[in-house]
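Pasted below: entry13.cif, mmCIF, N, CA and C atoms.
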data_work
#
loop_
_atom_site.group_PDB
_atom_site.id
_atom_site.type_symbol
_atom_site.label_atom_id
_atom_site.label_comp_id
_atom_site.auth_asym_id
_atom_site.auth_seq_id
_atom_site.Cartn_x
_atom_site.Cartn_y
_atom_site.Cartn_z
ATOM 1 N N MET A 1 92.025 82.894 95.656
ATOM 2 C CA MET A 1 92.095 83.931 96.671
ATOM 3 C C MET A 1 90.734 84.633 96.719
ATOM 4 N N LYS A 2 90.321 84.924 97.916
ATOM 5 C CA LYS A 2 89.069 85.651 98.062
ATOM 6 C C LYS A 2 89.302 87.120 97.737
ATOM 7 N N ILE A 3 88.312 87.727 97.160
ATOM 8 C CA ILE A 3 88.425 89.126 96.732
ATOM 9 C C ILE A 3 88.666 90.042 97.931
ATOM 10 N N LYS A 4 88.055 89.741 99.072
ATOM 11 C CA LYS A 4 88.267 90.602 100.243
ATOM 12 C C LYS A 4 89.727 90.590 100.684
ATOM 13 N N ASP A 5 90.412 89.444 100.516
ATOM 14 C CA ASP A 5 91.846 89.379 100.843
ATOM 15 C C ASP A 5 92.654 90.213 99.856
ATOM 16 N N TRP A 6 92.290 90.126 98.585
ATOM 17 C CA TRP A 6 92.971 90.903 97.538
ATOM 18 C C TRP A 6 92.813 92.400 97.806
ATOM 19 N N VAL A 7 91.635 92.816 98.237
ATOM 20 C CA VAL A 7 91.375 94.232 98.508
ATOM 21 C C VAL A 7 92.196 94.710 99.715
ATOM 22 N N LYS A 8 92.338 93.869 100.735
ATOM 23 C CA LYS A 8 93.166 94.234 101.889
ATOM 24 C C LYS A 8 94.616 94.444 101.471
ATOM 25 N N ILE A 9 95.105 93.528 100.631
ATOM 26 C CA ILE A 9 96.481 93.651 100.140
ATOM 27 C C ILE A 9 96.609 94.915 99.291
ATOM 28 N N GLU A 10 95.614 95.173 98.471
ATOM 29 C CA GLU A 10 95.624 96.381 97.628
ATOM 30 C C GLU A 10 95.689 97.644 98.483
ATOM 31 N N ASP A 11 94.929 97.685 99.548
ATOM 32 C CA ASP A 11 94.945 98.855 100.437
ATOM 33 C C ASP A 11 96.336 99.088 101.016
ATOM 34 N N SER A 12 96.969 98.017 101.460
ATOM 35 C CA SER A 12 98.311 98.132 102.034
ATOM 36 C C SER A 12 99.319 98.603 100.995
ATOM 37 N N MET A 13 99.260 98.015 99.813
ATOM 38 C CA MET A 13 100.214 98.357 98.757
ATOM 39 C C MET A 13 100.033 99.813 98.305
ATOM 40 N N THR A 14 98.799 100.229 98.120
ATOM 41 C CA THR A 14 98.566 101.597 97.644
ATOM 42 C C THR A 14 98.837 102.629 98.732
ATOM 43 N N ASP A 15 98.630 102.272 99.994
ATOM 44 C CA ASP A 15 98.973 103.195 101.081
ATOM 45 C C ASP A 15 100.471 103.461 101.115
ATOM 46 N N LEU A 16 101.263 102.419 100.886
ATOM 47 C CA LEU A 16 102.710 102.555 100.933
ATOM 48 C C LEU A 16 103.276 103.191 99.671
ATOM 49 N N MET A 17 102.847 102.707 98.511
ATOM 50 C CA MET A 17 103.472 103.083 97.237
ATOM 51 C C MET A 17 102.761 104.188 96.475
ATOM 52 N N GLY A 18 101.555 104.481 96.852
ATOM 53 C CA GLY A 18 100.740 105.374 96.042
ATOM 54 C C GLY A 18 99.879 104.529 95.106
ATOM 55 N N TRP A 19 98.849 105.135 94.563
ATOM 56 C CA TRP A 19 97.871 104.383 93.777
ATOM 57 C C TRP A 19 98.500 103.705 92.560
ATOM 58 N N ASP A 20 99.127 104.455 91.680
ATOM 59 C CA ASP A 20 99.645 103.891 90.427
ATOM 60 C C ASP A 20 100.708 102.827 90.664
ATOM 61 N N ALA A 21 101.698 103.125 91.471
ATOM 62 C CA ALA A 21 102.785 102.174 91.710
ATOM 63 C C ALA A 21 102.278 100.918 92.428
ATOM 64 N N GLY A 22 101.358 101.091 93.363
ATOM 65 C CA GLY A 22 100.809 99.946 94.094
ATOM 66 C C GLY A 22 100.021 99.009 93.200
ATOM 67 N N ILE A 23 99.156 99.584 92.364
ATOM 68 C CA ILE A 23 98.351 98.768 91.446
ATOM 69 C C ILE A 23 99.253 98.110 90.405
ATOM 70 N N ASP A 24 100.204 98.851 89.862
ATOM 71 C CA ASP A 24 101.136 98.272 88.883
ATOM 72 C C ASP A 24 101.910 97.106 89.485
ATOM 73 N N SER A 25 102.380 97.267 90.688
ATOM 74 C CA SER A 25 103.138 96.216 91.359
ATOM 75 C C SER A 25 102.274 94.970 91.568
ATOM 76 N N MET A 26 101.041 95.156 91.963
ATOM 77 C CA MET A 26 100.141 94.028 92.170
ATOM 78 C C MET A 26 99.839 93.310 90.858
ATOM 79 N N CYS A 27 99.607 94.069 89.813
ATOM 80 C CA CYS A 27 99.303 93.470 88.506
ATOM 81 C C CYS A 27 100.504 92.707 87.957
ATOM 82 N N GLU A 28 101.689 93.255 88.123
ATOM 83 C CA GLU A 28 102.898 92.568 87.664
ATOM 84 C C GLU A 28 103.081 91.253 88.406
ATOM 85 N N ALA A 29 102.892 91.258 89.709
ATOM 86 C CA ALA A 29 103.035 90.030 90.502
ATOM 87 C C ALA A 29 102.004 88.994 90.068
ATOM 88 N N HIS A 30 100.790 89.434 89.815
ATOM 89 C CA HIS A 30 99.743 88.516 89.360
ATOM 90 C C HIS A 30 100.093 87.928 87.999
ATOM 91 N N ARG A 31 100.600 88.755 87.090
ATOM 92 C CA ARG A 31 100.988 88.269 85.767
ATOM 93 C C ARG A 31 102.127 87.252 85.843
ATOM 94 N N GLU A 32 103.027 87.422 86.792
ATOM 95 C CA GLU A 32 104.137 86.485 86.951
ATOM 96 C C GLU A 32 103.656 85.118 87.441
ATOM 97 N N VAL A 33 102.623 85.097 88.251
ATOM 98 C CA VAL A 33 102.141 83.849 88.847
ATOM 99 C C VAL A 33 101.140 83.141 87.940
ATOM 100 N N ALA A 34 100.119 83.836 87.495
ATOM 101 C CA ALA A 34 99.056 83.214 86.696
ATOM 102 C C ALA A 34 98.441 84.261 85.772
ATOM 103 N N PRO A 35 99.070 84.517 84.637
ATOM 104 C CA PRO A 35 98.633 85.628 83.786
ATOM 105 C C PRO A 35 97.231 85.496 83.202
ATOM 106 N N LYS A 36 96.749 84.306 82.992
ATOM 107 C CA LYS A 36 95.450 84.135 82.331
ATOM 108 C C LYS A 36 94.298 83.850 83.291
ATOM 109 N N LYS A 37 94.598 83.716 84.580
ATOM 110 C CA LYS A 37 93.559 83.361 85.547
ATOM 111 C C LYS A 37 93.115 84.564 86.353
ATOM 112 N N PRO A 38 91.810 84.676 86.605
ATOM 113 C CA PRO A 38 91.345 85.715 87.529
ATOM 114 C C PRO A 38 91.791 85.401 88.958
ATOM 115 N N ILE A 39 91.887 86.411 89.767
ATOM 116 C CA ILE A 39 92.334 86.265 91.155
ATOM 117 C C ILE A 39 91.486 85.252 91.920
ATOM 118 N N TYR A 40 90.189 85.270 91.725
ATOM 119 C CA TYR A 40 89.306 84.407 92.502
ATOM 120 C C TYR A 40 89.353 82.943 92.061
ATOM 121 N N GLU A 41 90.084 82.608 90.996
ATOM 122 C CA GLU A 41 90.204 81.223 90.546
ATOM 123 C C GLU A 41 91.597 80.628 90.795
ATOM 124 N N LEU A 42 92.451 81.321 91.515
ATOM 125 C CA LEU A 42 93.799 80.820 91.766
ATOM 126 C C LEU A 42 93.766 79.621 92.706
ATOM 127 N N SER A 43 94.685 78.688 92.477
ATOM 128 C CA SER A 43 94.811 77.538 93.379
ATOM 129 C C SER A 43 95.507 77.992 94.661
ATOM 130 N N GLU A 44 95.548 77.101 95.637
ATOM 131 C CA GLU A 44 96.205 77.435 96.897
ATOM 132 C C GLU A 44 97.690 77.734 96.687
ATOM 133 N N ARG A 45 98.319 76.937 95.853
ATOM 134 C CA ARG A 45 99.743 77.131 95.562
ATOM 135 C C ARG A 45 99.974 78.476 94.877
ATOM 136 N N GLU A 46 99.130 78.818 93.925
ATOM 137 C CA GLU A 46 99.260 80.110 93.237
ATOM 138 C C GLU A 46 99.022 81.270 94.200
ATOM 139 N N ASP A 47 98.077 81.093 95.126
ATOM 140 C CA ASP A 47 97.834 82.110 96.159
ATOM 141 C C ASP A 47 99.098 82.364 96.973
ATOM 142 N N LYS A 48 99.723 81.286 97.408
ATOM 143 C CA LYS A 48 100.929 81.411 98.231
ATOM 144 C C LYS A 48 102.061 82.066 97.458
ATOM 145 N N LYS A 49 102.223 81.682 96.188
ATOM 146 C CA LYS A 49 103.267 82.287 95.366
ATOM 147 C C LYS A 49 103.017 83.777 95.171
ATOM 148 N N LEU A 50 101.767 84.131 94.927
ATOM 149 C CA LEU A 50 101.409 85.529 94.718
ATOM 150 C C LEU A 50 101.635 86.350 95.989
ATOM 151 N N ILE A 51 101.202 85.833 97.110
ATOM 152 C CA ILE A 51 101.385 86.540 98.383
ATOM 153 C C ILE A 51 102.867 86.700 98.695
ATOM 154 N N PHE A 52 103.665 85.662 98.438
ATOM 155 C CA PHE A 52 105.103 85.757 98.651
ATOM 156 C C PHE A 52 105.707 86.875 97.807
ATOM 157 N N ARG A 53 105.342 86.924 96.539
ATOM 158 C CA ARG A 53 105.890 87.960 95.649
ATOM 159 C C ARG A 53 105.444 89.357 96.076
ATOM 160 N N LEU A 54 104.199 89.471 96.501
ATOM 161 C CA LEU A 54 103.710 90.780 96.948
ATOM 162 C C LEU A 54 104.421 91.225 98.225
ATOM 163 N N ARG A 55 104.630 90.304 99.155
ATOM 164 C CA ARG A 55 105.357 90.641 100.388
ATOM 165 C C ARG A 55 106.779 91.080 100.072
ATOM 166 N N LYS A 56 107.402 90.388 99.136
ATOM 167 C CA LYS A 56 108.762 90.713 98.744
ATOM 168 C C LYS A 56 108.828 92.128 98.148
ATOM 169 N N ARG A 57 107.888 92.445 97.268
ATOM 170 C CA ARG A 57 107.846 93.790 96.663
ATOM 171 C C ARG A 57 107.574 94.859 97.716
ATOM 172 N N TYR A 58 106.650 94.563 98.620
ATOM 173 C CA TYR A 58 106.285 95.501 99.680
ATOM 174 C C TYR A 58 107.497 95.797 100.561
ATOM 175 N N SER A 59 108.196 94.740 100.995
ATOM 176 C CA SER A 59 109.362 94.903 101.863
ATOM 177 C C SER A 59 110.485 95.654 101.168
ATOM 178 N N LYS A 60 110.726 95.326 99.904
ATOM 179 C CA LYS A 60 111.798 95.985 99.154
ATOM 180 C C LYS A 60 111.499 97.475 98.991
ATOM 181 N N TYR A 61 110.254 97.802 98.659
ATOM 182 C CA TYR A 61 109.881 99.202 98.492
ATOM 183 C C TYR A 61 110.004 99.948 99.815
ATOM 184 N N LYS A 62 109.581 99.304 100.898
ATOM 185 C CA LYS A 62 109.635 99.928 102.213
ATOM 186 C C LYS A 62 111.091 100.188 102.630
ATOM 187 N N GLU A 63 111.973 99.208 102.384
ATOM 188 C CA GLU A 63 113.396 99.376 102.698
ATOM 189 C C GLU A 63 114.030 100.485 101.884
ATOM 190 N N ASP A 64 113.732 100.513 100.600
ATOM 191 C CA ASP A 64 114.330 101.502 99.707
ATOM 192 C C ASP A 64 113.910 102.934 100.029
ATOM 193 N N ASN A 65 112.747 103.084 100.600
ATOM 194 C CA ASN A 65 112.231 104.439 100.870
ATOM 195 C C ASN A 65 112.372 104.868 102.325
ATOM 196 N N ASN A 66 113.097 104.117 103.103
ATOM 197 C CA ASN A 66 113.347 104.531 104.494
ATOM 198 C C ASN A 66 114.753 104.976 104.684
#
structure tokens encoding of this file:
Amino acid sequence: MKIKDWVKIEDSMTDLMGWDAGIDSMCEAHREVAPKKPIYELSEREDKKLIFRLRKRYSKYKEDNN
């Protein structure tokens, strides 16, 4: 994943959840997909899995707080 894409996702997550919860959620999702790999070294499949998990967390948080 390119770092600029990660930063865009980070902005969205932190805008919705707040800084601490957004960063924690992103780190947890990353640890679930590829705990030992840096973001910029993820394969295409790992990118898709990570984005799916982040979207799922984002949607769930948004639903719960509306």
To test your reading of the structure, identify every residue in chain A that backbone DSSP assigns to helix (DSSP H, G or I), and report it as a ChimeraX atom specification. /A:3-17,19-33,39-41,44-64
Under the rule that all atoms listed in the file are counted, which of A:Trp19, A:Cys27, A:Ala34, A:Glu41 is the nearest residue to Lys2 of chain A?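 That would be A:Glu41, the residue with the smallest distance to Lys2 of chain A.
Every protein, DNA or RNA residue with an atom at most 10 Å from Trp6 of chain A, where only C-alpha atoms count and chain neighbours fewer than 6 positions away do not, is listed here: Met26, Ile39, Tyr40 and Ile51 of chain A.
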I need the residue set behind the PyMOL selection byres (((chain A and resi 42 and name CA) around 12) and name CA) for this file; please write it as a PyMOL selection string. chain A and resi 1-3+6+30-31+33-41+43-51
Between atom N of Thr14 of chain A and atom C of Glu63 of chain A - distance in Å to one decimal: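 Between atom C of Glu63 of chain A and atom N of Thr14 of chain A the gap is 15.7 Å.
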For atom CA of Met17 of chain A and atom CA of Leu54 of chain A, determine how far apart the two atoms are, in Å to one decimal place. 12.3 Å
Rounded to one decimal place, report the atom CA of Lys62 of chain A-atom CA of Glu10 of chain A distance in Å.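 Between atom CA of Lys62 of chain A and atom CA of Glu10 of chain A the gap is 15.2 Å.
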Closest of A:Glu32, A:Asp5, A:Phe52, A:Tyr58 to Gly18 of chain A - atom-to-atom distances counting only C-alpha atoms: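 Among the listed residues, the smallest separation from Gly18 of chain A belongs to A:Tyr58.
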Taking all heavy atoms as the atom set, what does segment 55-66 of chain A look like once completed, written as a short mmCIF file (atom, residue, chain, number, x, y, z; two decimals), keeping the file's coordinate frame?
data_model
loop_
_atom_site.label_atom_id
_atom_site.label_comp_id
_atom_site.auth_asym_id
_atom_site.auth_seq_id
_atom_site.Cartn_x
_atom_site.Cartn_y
_atom_site.Cartn_z
N ARG A 55 104.63 90.30 99.16
CA ARG A 55 105.36 90.64 100.39
C ARG A 55 106.78 91.08 100.07
O ARG A 55 107.30 92.02 100.68
CB ARG A 55 105.40 89.44 101.33
CG ARG A 55 104.13 89.23 102.08
CD ARG A 55 104.28 88.10 103.07
NE ARG A 55 103.02 87.92 103.78
CZ ARG A 55 102.60 86.76 104.22
NH1 ARG A 55 103.34 85.68 104.06
NH2 ARG A 55 101.46 86.67 104.84
N LYS A 56 107.40 90.39 99.14
CA LYS A 56 108.76 90.71 98.74
C LYS A 56 108.83 92.13 98.15
O LYS A 56 109.70 92.92 98.50
CB LYS A 56 109.24 89.68 97.72
CG LYS A 56 110.70 89.71 97.43
CD LYS A 56 111.04 88.52 96.53
CE LYS A 56 112.48 88.55 96.12
NZ LYS A 56 112.82 87.44 95.22
N ARG A 57 107.89 92.44 97.27
CA ARG A 57 107.85 93.79 96.66
C ARG A 57 107.57 94.86 97.72
O ARG A 57 108.18 95.92 97.70
CB ARG A 57 106.76 93.86 95.59
CG ARG A 57 107.08 93.10 94.34
CD ARG A 57 105.87 93.09 93.42
NE ARG A 57 106.08 92.22 92.31
CZ ARG A 57 106.41 92.64 91.09
NH1 ARG A 57 106.54 93.91 90.86
NH2 ARG A 57 106.60 91.78 90.13
N TYR A 58 106.65 94.56 98.62
CA TYR A 58 106.28 95.50 99.68
C TYR A 58 107.50 95.80 100.56
O TYR A 58 107.82 96.95 100.83
CB TYR A 58 105.15 94.90 100.51
CG TYR A 58 104.58 95.82 101.57
CD1 TYR A 58 103.53 96.67 101.28
CD2 TYR A 58 105.09 95.83 102.86
CE1 TYR A 58 102.99 97.51 102.25
CE2 TYR A 58 104.58 96.66 103.83
CZ TYR A 58 103.53 97.50 103.53
OH TYR A 58 103.01 98.33 104.48
N SER A 59 108.20 94.74 101.00
CA SER A 59 109.36 94.90 101.86
C SER A 59 110.48 95.65 101.17
O SER A 59 111.12 96.51 101.77
CB SER A 59 109.87 93.53 102.31
OG SER A 59 108.90 92.88 103.06
N LYS A 60 110.73 95.33 99.90
CA LYS A 60 111.80 95.98 99.15
C LYS A 60 111.50 97.48 98.99
O LYS A 60 112.35 98.31 99.20
CB LYS A 60 111.96 95.33 97.79
CG LYS A 60 113.13 95.88 97.00
CD LYS A 60 113.31 95.08 95.72
CE LYS A 60 114.52 95.43 94.93
NZ LYS A 60 114.93 96.75 94.77
N TYR A 61 110.25 97.80 98.66
CA TYR A 61 109.88 99.20 98.49
C TYR A 61 110.00 99.95 99.82
O TYR A 61 110.51 101.07 99.86
CB TYR A 61 108.44 99.29 97.97
CG TYR A 61 108.04 100.69 97.59
CD1 TYR A 61 108.26 101.15 96.29
CD2 TYR A 61 107.46 101.56 98.50
CE1 TYR A 61 107.91 102.44 95.92
CE2 TYR A 61 107.10 102.83 98.14
CZ TYR A 61 107.32 103.28 96.85
OH TYR A 61 106.98 104.55 96.50
N LYS A 62 109.58 99.30 100.90
CA LYS A 62 109.64 99.93 102.21
C LYS A 62 111.09 100.19 102.63
O LYS A 62 111.40 101.24 103.17
CB LYS A 62 108.93 99.04 103.24
CG LYS A 62 108.61 99.72 104.53
CD LYS A 62 107.72 98.85 105.37
CE LYS A 62 107.32 99.57 106.62
NZ LYS A 62 106.44 98.76 107.46
N GLU A 63 111.97 99.21 102.38
CA GLU A 63 113.40 99.38 102.70
C GLU A 63 114.03 100.48 101.88
O GLU A 63 114.80 101.28 102.41
CB GLU A 63 114.15 98.07 102.38
CG GLU A 63 114.17 97.08 103.48
CD GLU A 63 114.96 95.84 103.09
OE1 GLU A 63 115.82 95.92 102.18
OE2 GLU A 63 114.72 94.80 103.71
N ASP A 64 113.73 100.51 100.60
CA ASP A 64 114.33 101.50 99.71
C ASP A 64 113.91 102.93 100.03
O ASP A 64 114.64 103.87 99.77
CB ASP A 64 113.98 101.20 98.25
CG ASP A 64 114.66 99.93 97.73
OD1 ASP A 64 115.59 99.44 98.41
OD2 ASP A 64 114.24 99.43 96.68
N ASN A 65 112.75 103.08 100.60
CA ASN A 65 112.23 104.44 100.87
C ASN A 65 112.37 104.87 102.32
O ASN A 65 111.81 105.87 102.73
CB ASN A 65 110.78 104.54 100.43
CG ASN A 65 110.68 104.53 98.93
OD1 ASN A 65 111.47 105.15 98.25
ND2 ASN A 65 109.72 103.78 98.41
N ASN A 66 113.10 104.12 103.10
CA ASN A 66 113.35 104.53 104.49
C ASN A 66 114.75 104.98 104.68
O ASN A 66 115.62 105.00 104.00
CB ASN A 66 113.04 103.39 105.47
CG ASN A 66 111.56 103.29 105.73
OD1 ASN A 66 110.82 104.22 105.54
ND2 ASN A 66 111.15 102.14 106.18
#
